[in-house]
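Trainee: Sharing structure.txt here; it has compact mmCIF, N, CA and C atoms.
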# COMPACT_ATOMS: atom_id res chain seq x y z
N MET A 1 85.65 176.97 267.33
CA MET A 1 84.83 177.18 266.16
C MET A 1 85.71 177.44 264.93
N GLY A 2 86.75 178.17 265.16
CA GLY A 2 87.66 178.48 264.06
C GLY A 2 88.30 177.23 263.49
N ASN A 3 88.65 176.29 264.36
CA ASN A 3 89.25 175.03 263.89
C ASN A 3 88.27 174.24 263.03
N ALA A 4 87.01 174.23 263.42
CA ALA A 4 85.99 173.51 262.66
C ALA A 4 85.80 174.13 261.28
N ILE A 5 85.78 175.44 261.22
CA ILE A 5 85.61 176.13 259.93
C ILE A 5 86.85 175.90 259.05
N ALA A 6 88.02 175.94 259.66
CA ALA A 6 89.26 175.69 258.89
C ALA A 6 89.26 174.26 258.35
N TYR A 7 88.82 173.31 259.17
CA TYR A 7 88.75 171.91 258.73
C TYR A 7 87.80 171.78 257.54
N LEU A 8 86.64 172.41 257.66
CA LEU A 8 85.65 172.38 256.58
C LEU A 8 86.22 172.98 255.30
N ASN A 9 86.87 174.09 255.40
CA ASN A 9 87.46 174.73 254.21
C ASN A 9 88.57 173.85 253.61
N ASN A 10 89.37 173.24 254.44
CA ASN A 10 90.50 172.43 253.95
C ASN A 10 90.05 171.11 253.33
N HIS A 11 88.87 170.61 253.70
CA HIS A 11 88.40 169.30 253.23
C HIS A 11 87.10 169.38 252.44
N TRP A 12 86.79 170.56 251.92
CA TRP A 12 85.52 170.76 251.23
C TRP A 12 85.32 169.78 250.08
N GLU A 13 86.32 169.58 249.24
CA GLU A 13 86.21 168.66 248.09
C GLU A 13 85.81 167.26 248.55
N GLU A 14 86.52 166.75 249.56
CA GLU A 14 86.26 165.38 250.03
C GLU A 14 84.88 165.27 250.70
N LEU A 15 84.52 166.29 251.47
CA LEU A 15 83.25 166.25 252.20
C LEU A 15 82.02 166.37 251.30
N THR A 16 82.20 166.96 250.13
CA THR A 16 81.07 167.14 249.23
C THR A 16 81.14 166.25 247.99
N LEU A 17 82.05 165.30 247.98
CA LEU A 17 82.20 164.42 246.82
C LEU A 17 80.90 163.66 246.51
N PHE A 18 80.19 163.18 247.52
CA PHE A 18 78.96 162.42 247.30
C PHE A 18 77.89 163.25 246.58
N LEU A 19 77.95 164.56 246.67
CA LEU A 19 76.97 165.41 246.00
C LEU A 19 77.15 165.43 244.49
N ARG A 20 78.34 165.09 244.02
CA ARG A 20 78.62 165.10 242.58
C ARG A 20 78.36 163.75 241.93
N MET A 21 77.92 162.78 242.70
CA MET A 21 77.63 161.44 242.16
C MET A 21 76.14 161.15 242.39
N PRO A 22 75.33 161.21 241.32
CA PRO A 22 73.87 161.12 241.49
C PRO A 22 73.38 159.80 242.08
N GLU A 23 74.11 158.70 241.91
CA GLU A 23 73.61 157.41 242.40
C GLU A 23 73.87 157.19 243.90
N VAL A 24 74.61 158.07 244.53
CA VAL A 24 74.92 157.92 245.95
C VAL A 24 73.76 158.46 246.78
N PRO A 25 73.21 157.64 247.69
CA PRO A 25 72.10 158.13 248.52
C PRO A 25 72.57 159.19 249.52
N LEU A 26 71.65 160.04 249.93
CA LEU A 26 72.00 161.11 250.88
C LEU A 26 72.15 160.58 252.30
N ASP A 27 71.63 159.41 252.57
CA ASP A 27 71.77 158.84 253.91
C ASP A 27 72.17 157.37 253.81
N ASN A 28 72.42 156.77 254.93
CA ASN A 28 72.79 155.36 254.95
C ASN A 28 71.78 154.55 255.78
N ASN A 29 70.52 154.96 255.73
CA ASN A 29 69.49 154.31 256.53
C ASN A 29 69.34 152.83 256.19
N ALA A 30 69.43 152.47 254.92
CA ALA A 30 69.28 151.06 254.53
C ALA A 30 70.39 150.23 255.15
N THR A 31 71.59 150.73 255.14
CA THR A 31 72.72 150.01 255.75
C THR A 31 72.53 149.92 257.25
N GLU A 32 72.09 150.99 257.87
CA GLU A 32 71.86 150.98 259.31
C GLU A 32 70.80 149.94 259.69
N ARG A 33 69.74 149.80 258.88
CA ARG A 33 68.71 148.80 259.17
C ARG A 33 69.28 147.39 259.10
N LEU A 34 70.16 147.13 258.11
CA LEU A 34 70.78 145.81 257.99
C LEU A 34 71.67 145.51 259.19
N ILE A 35 72.43 146.50 259.62
CA ILE A 35 73.30 146.31 260.78
C ILE A 35 72.46 146.05 262.02
N LYS A 36 71.33 146.75 262.13
CA LYS A 36 70.46 146.60 263.29
C LYS A 36 69.99 145.15 263.43
N GLN A 37 69.68 144.50 262.31
CA GLN A 37 69.24 143.10 262.35
C GLN A 37 70.35 142.20 262.90
N SER A 38 71.59 142.44 262.50
CA SER A 38 72.70 141.64 263.00
C SER A 38 72.91 141.85 264.50
N VAL A 39 72.78 143.09 264.93
CA VAL A 39 72.93 143.40 266.36
C VAL A 39 71.81 142.72 267.15
N ARG A 40 70.60 142.76 266.62
CA ARG A 40 69.48 142.11 267.30
C ARG A 40 69.70 140.60 267.38
N ASN A 41 70.21 140.01 266.30
CA ASN A 41 70.49 138.58 266.32
C ASN A 41 71.58 138.25 267.34
N ARG A 42 72.61 139.07 267.41
CA ARG A 42 73.67 138.84 268.39
C ARG A 42 73.12 138.90 269.80
N LYS A 43 72.23 139.84 270.06
CA LYS A 43 71.62 139.97 271.38
C LYS A 43 70.78 138.73 271.71
N ASN A 44 70.03 138.24 270.72
CA ASN A 44 69.21 137.04 270.94
C ASN A 44 70.06 135.79 271.08
N ALA A 45 71.26 135.80 270.51
CA ALA A 45 72.12 134.62 270.54
C ALA A 45 72.55 134.25 271.96
N TYR A 46 72.44 135.18 272.90
CA TYR A 46 72.78 134.84 274.28
C TYR A 46 71.89 133.73 274.83
N PHE A 47 70.74 133.53 274.22
CA PHE A 47 69.78 132.58 274.75
C PHE A 47 69.81 131.22 274.04
N TYR A 48 70.71 131.03 273.09
CA TYR A 48 70.85 129.72 272.46
C TYR A 48 71.51 128.78 273.46
N ARG A 49 71.06 127.54 273.45
CA ARG A 49 71.60 126.58 274.42
C ARG A 49 72.99 126.07 274.05
N ASN A 50 73.27 126.03 272.74
CA ASN A 50 74.57 125.52 272.32
C ASN A 50 74.96 126.15 270.99
N GLU A 51 76.15 125.80 270.51
CA GLU A 51 76.67 126.39 269.28
C GLU A 51 75.83 126.00 268.06
N THR A 52 75.30 124.78 268.05
CA THR A 52 74.47 124.35 266.93
C THR A 52 73.22 125.21 266.83
N GLY A 53 72.59 125.49 267.95
CA GLY A 53 71.42 126.36 267.96
C GLY A 53 71.74 127.74 267.44
N ALA A 54 72.92 128.26 267.80
CA ALA A 54 73.34 129.57 267.33
C ALA A 54 73.55 129.56 265.82
N LYS A 55 74.13 128.49 265.30
CA LYS A 55 74.34 128.39 263.84
C LYS A 55 73.02 128.37 263.11
N ILE A 56 72.06 127.60 263.63
CA ILE A 56 70.74 127.54 263.01
C ILE A 56 70.07 128.91 263.05
N GLY A 57 70.20 129.61 264.17
CA GLY A 57 69.64 130.96 264.28
C GLY A 57 70.26 131.90 263.26
N ASP A 58 71.57 131.80 263.06
CA ASP A 58 72.24 132.64 262.06
C ASP A 58 71.74 132.33 260.65
N ILE A 59 71.57 131.06 260.36
CA ILE A 59 71.09 130.67 259.03
C ILE A 59 69.67 131.20 258.80
N LEU A 60 68.82 131.03 259.80
CA LEU A 60 67.44 131.52 259.66
C LEU A 60 67.40 133.03 259.49
N MET A 61 68.23 133.75 260.25
CA MET A 61 68.26 135.20 260.10
C MET A 61 68.68 135.58 258.69
N SER A 62 69.69 134.89 258.18
CA SER A 62 70.17 135.18 256.83
C SER A 62 69.09 134.91 255.79
N VAL A 63 68.38 133.79 255.94
CA VAL A 63 67.32 133.44 255.00
C VAL A 63 66.19 134.48 255.07
N MET A 64 65.81 134.86 256.27
CA MET A 64 64.73 135.83 256.42
C MET A 64 65.11 137.20 255.86
N GLU A 65 66.33 137.63 256.09
CA GLU A 65 66.77 138.91 255.53
C GLU A 65 66.83 138.85 254.01
N THR A 66 67.25 137.70 253.46
CA THR A 66 67.27 137.54 252.01
C THR A 66 65.86 137.63 251.45
N CYS A 67 64.89 137.03 252.15
CA CYS A 67 63.50 137.14 251.73
C CYS A 67 63.05 138.59 251.72
N ILE A 68 63.33 139.30 252.78
CA ILE A 68 62.89 140.69 252.89
C ILE A 68 63.50 141.53 251.77
N LEU A 69 64.79 141.33 251.51
CA LEU A 69 65.45 142.10 250.45
C LEU A 69 64.91 141.78 249.06
N ASN A 70 64.25 140.61 248.92
CA ASN A 70 63.71 140.20 247.63
C ASN A 70 62.18 140.25 247.61
N ASP A 71 61.60 141.04 248.51
CA ASP A 71 60.15 141.25 248.58
C ASP A 71 59.37 139.94 248.71
N ALA A 72 59.90 139.01 249.47
CA ALA A 72 59.20 137.76 249.75
C ALA A 72 58.90 137.72 251.25
N ASN A 73 57.72 137.24 251.59
CA ASN A 73 57.35 137.11 252.99
C ASN A 73 58.12 135.94 253.60
N PRO A 74 58.96 136.18 254.62
CA PRO A 74 59.77 135.10 255.18
C PRO A 74 58.94 133.94 255.71
N TRP A 75 57.84 134.23 256.37
CA TRP A 75 56.99 133.17 256.92
C TRP A 75 56.43 132.30 255.80
N GLU A 76 55.88 132.93 254.78
CA GLU A 76 55.31 132.17 253.66
C GLU A 76 56.39 131.35 252.96
N TYR A 77 57.57 131.91 252.81
CA TYR A 77 58.67 131.19 252.17
C TYR A 77 59.06 129.96 252.98
N LEU A 78 59.25 130.12 254.29
CA LEU A 78 59.64 128.98 255.13
C LEU A 78 58.57 127.90 255.15
N VAL A 79 57.31 128.30 255.16
CA VAL A 79 56.22 127.32 255.11
C VAL A 79 56.24 126.59 253.77
N ALA A 80 56.43 127.32 252.69
CA ALA A 80 56.44 126.71 251.35
C ALA A 80 57.57 125.70 251.19
N ILE A 81 58.76 126.03 251.69
CA ILE A 81 59.86 125.07 251.51
C ILE A 81 59.69 123.86 252.41
N GLN A 82 58.96 124.00 253.50
CA GLN A 82 58.66 122.83 254.33
C GLN A 82 57.60 121.95 253.67
N GLU A 83 56.57 122.58 253.12
CA GLU A 83 55.50 121.81 252.48
C GLU A 83 55.97 121.10 251.22
N HIS A 84 57.00 121.62 250.56
CA HIS A 84 57.48 121.05 249.30
C HIS A 84 58.93 120.57 249.42
N GLN A 85 59.28 120.04 250.57
CA GLN A 85 60.69 119.72 250.82
C GLN A 85 61.27 118.68 249.87
N LYS A 86 60.44 117.77 249.36
CA LYS A 86 60.96 116.80 248.39
C LYS A 86 61.39 117.50 247.11
N ASP A 87 60.56 118.43 246.63
CA ASP A 87 60.91 119.16 245.42
C ASP A 87 62.08 120.12 245.68
N VAL A 88 62.15 120.66 246.88
CA VAL A 88 63.27 121.55 247.23
C VAL A 88 64.59 120.78 247.13
N ARG A 89 64.59 119.55 247.61
CA ARG A 89 65.81 118.74 247.54
C ARG A 89 66.18 118.38 246.11
N LYS A 90 65.16 118.16 245.26
CA LYS A 90 65.42 117.81 243.86
C LYS A 90 65.86 119.03 243.05
N ASN A 91 65.25 120.20 243.32
CA ASN A 91 65.48 121.42 242.52
C ASN A 91 65.77 122.62 243.42
N PRO A 92 66.85 122.62 244.16
CA PRO A 92 67.07 123.72 245.11
C PRO A 92 67.17 125.09 244.46
N ALA A 93 67.68 125.18 243.25
CA ALA A 93 67.83 126.48 242.59
C ALA A 93 66.48 127.13 242.28
N LEU A 94 65.42 126.32 242.21
CA LEU A 94 64.10 126.85 241.93
C LEU A 94 63.39 127.35 243.20
N TRP A 95 64.01 127.12 244.34
CA TRP A 95 63.38 127.45 245.61
C TRP A 95 64.09 128.58 246.37
N VAL A 96 64.88 129.35 245.69
CA VAL A 96 65.49 130.51 246.34
C VAL A 96 64.39 131.57 246.55
N PRO A 97 64.55 132.45 247.55
CA PRO A 97 63.47 133.39 247.88
C PRO A 97 62.96 134.23 246.71
N TRP A 98 63.80 134.55 245.76
CA TRP A 98 63.37 135.40 244.65
C TRP A 98 62.72 134.62 243.52
N ALA A 99 62.69 133.27 243.62
CA ALA A 99 62.12 132.47 242.53
C ALA A 99 61.07 131.47 242.98
N TYR A 100 60.90 131.28 244.26
CA TYR A 100 60.03 130.19 244.73
C TYR A 100 58.57 130.36 244.33
N LYS A 101 58.09 131.60 244.19
CA LYS A 101 56.69 131.80 243.80
C LYS A 101 56.43 131.25 242.40
N ASN A 102 57.41 131.41 241.51
CA ASN A 102 57.27 130.83 240.17
C ASN A 102 57.19 129.31 240.25
N ARG A 103 57.99 128.72 241.10
CA ARG A 103 57.97 127.26 241.25
C ARG A 103 56.62 126.80 241.82
N LEU A 104 56.07 127.53 242.76
CA LEU A 104 54.75 127.18 243.30
C LEU A 104 53.69 127.21 242.20
N LYS A 105 53.76 128.21 241.30
CA LYS A 105 52.81 128.30 240.20
C LYS A 105 52.98 127.11 239.26
N GLU A 106 54.25 126.74 238.97
CA GLU A 106 54.50 125.58 238.11
C GLU A 106 53.92 124.31 238.71
N LEU A 107 54.10 124.13 240.01
CA LEU A 107 53.58 122.92 240.66
C LEU A 107 52.06 122.89 240.65
N LYS A 108 51.41 124.05 240.81
CA LYS A 108 49.95 124.11 240.74
C LYS A 108 49.46 123.73 239.35
N LEU A 109 50.16 124.21 238.32
CA LEU A 109 49.77 123.87 236.94
C LEU A 109 49.94 122.38 236.68
N GLN A 110 50.97 121.77 237.25
CA GLN A 110 51.21 120.35 237.04
C GLN A 110 50.13 119.49 237.69
N THR A 111 49.61 119.94 238.84
CA THR A 111 48.60 119.15 239.55
C THR A 111 47.18 119.45 239.06
N ALA A 112 47.01 120.52 238.31
CA ALA A 112 45.67 120.91 237.84
C ALA A 112 45.24 120.11 236.63
Once more with this new file: its structure as structure tokens, please.
Mentor:
Amino acid sequence: MGNAIAYLNNHWEELTLFLRMPEVPLDNNATERLIKQSVRNRKNAYFYRNETGAKIGDILMSVMETCILNDANPWEYLVAIQEHQKDVRKNPALWVPWAYKNRLKELKLQTA
């Protein structure tokens, strides 16, 4: 117990540095959730039949996580890019997860 208290006293500045920076979160739950998704994908990767399937799985996981981080529903996004694949190929920058809803609105206005 004495060693632990001595360690705490000797490293107090370093251990409490995050308390002096208001933008630093008190926990790392968001980071842990992101890591959990990668671990889950790695676990599921055991069931891919070949390397190409694993690459596709990695790409889909990345796209879905990007959607989640940008408050877009991954299922709706994937359906939208399939339904509008010609426009996606012509204007890929307009179909990123954080902007695709605006593009859908533009297309509705054009057809109306």
Trainee: Write out as a PyMOL selection string the set of residues from chain A that DSSP, computed on the backbone, places in alpha helix (DSSP H).
Mentor: chain A and resi 2-10+12-15+29-44+51-69+74-83+85-90+100-111
Trainee: Mind pulling up the distance from CA of Arg103 in chain A to atom C of Asp87 in chain A?
Mentor: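 Here the two named atoms are 9.4 Å from each other.
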Trainee: Kindly indicate which residue among A:Ala45, A:Met61, A:Leu19, A:Val79 lies nearest to Leu104 in chain A, using only C-alpha atoms for the distances.
Mentor: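 Distance minimum relative to Leu104 in chain A lands on A:Val79.
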Trainee: Kindly give the distance, in Å, that separates atom C of Glu106 in chain A and atom N of Ile68 in chain A, rounded to a single decimal.
Mentor: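 Rounded to one decimal, the two atoms are 22.6 Å apart.
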Trainee: Interatomic distance between atom C of Tyr77 in chain A and CA of Pro97 in chain A?
Mentor: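 These atoms are spaced 7.6 Å apart.
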Trainee: Taking 5 positions as the minimum chain separation for residues in the same chain, which residues sit within 10 Å of range 22-38 of chain A when counting only C-alpha atoms? Answer as a list of chain:residue names.
Mentor: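 Selected residues are A:Leu17, A:Lys43, A:Asn44, A:Asp58, A:Met61, A:Ser62, A:Glu65, A:Leu69.
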Trainee: Could you write those residues out with N, CA and C atoms, as a PDB file, in the frame of the given file?
Mentor:
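Written output follows (selection-v1.pdb):
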ATOM      1  N   LEU A  17      82.050 165.300 247.980  1.00  0.00           N
ATOM      2  CA  LEU A  17      82.200 164.420 246.820  1.00  0.00           C
ATOM      3  C   LEU A  17      80.900 163.660 246.510  1.00  0.00           C
ATOM      4  N   LYS A  43      72.230 139.840 270.060  1.00  0.00           N
ATOM      5  CA  LYS A  43      71.620 139.970 271.380  1.00  0.00           C
ATOM      6  C   LYS A  43      70.780 138.730 271.710  1.00  0.00           C
ATOM      7  N   ASN A  44      70.030 138.240 270.720  1.00  0.00           N
ATOM      8  CA  ASN A  44      69.210 137.040 270.940  1.00  0.00           C
ATOM      9  C   ASN A  44      70.060 135.790 271.080  1.00  0.00           C
ATOM     10  N   ASP A  58      71.570 131.800 263.060  1.00  0.00           N
ATOM     11  CA  ASP A  58      72.240 132.640 262.060  1.00  0.00           C
ATOM     12  C   ASP A  58      71.740 132.330 260.650  1.00  0.00           C
ATOM     13  N   MET A  61      68.230 133.750 260.250  1.00  0.00           N
ATOM     14  CA  MET A  61      68.260 135.200 260.100  1.00  0.00           C
ATOM     15  C   MET A  61      68.680 135.580 258.690  1.00  0.00           C
ATOM     16  N   SER A  62      69.690 134.890 258.180  1.00  0.00           N
ATOM     17  CA  SER A  62      70.170 135.180 256.830  1.00  0.00           C
ATOM     18  C   SER A  62      69.090 134.910 255.790  1.00  0.00           C
ATOM     19  N   GLU A  65      66.330 137.630 256.090  1.00  0.00           N
ATOM     20  CA  GLU A  65      66.770 138.910 255.530  1.00  0.00           C
ATOM     21  C   GLU A  65      66.830 138.850 254.010  1.00  0.00           C
ATOM     22  N   LEU A  69      64.790 141.330 251.510  1.00  0.00           N
ATOM     23  CA  LEU A  69      65.450 142.100 250.450  1.00  0.00           C
ATOM     24  C   LEU A  69      64.910 141.780 249.060  1.00  0.00           C
TER      25      LEU A  69
END
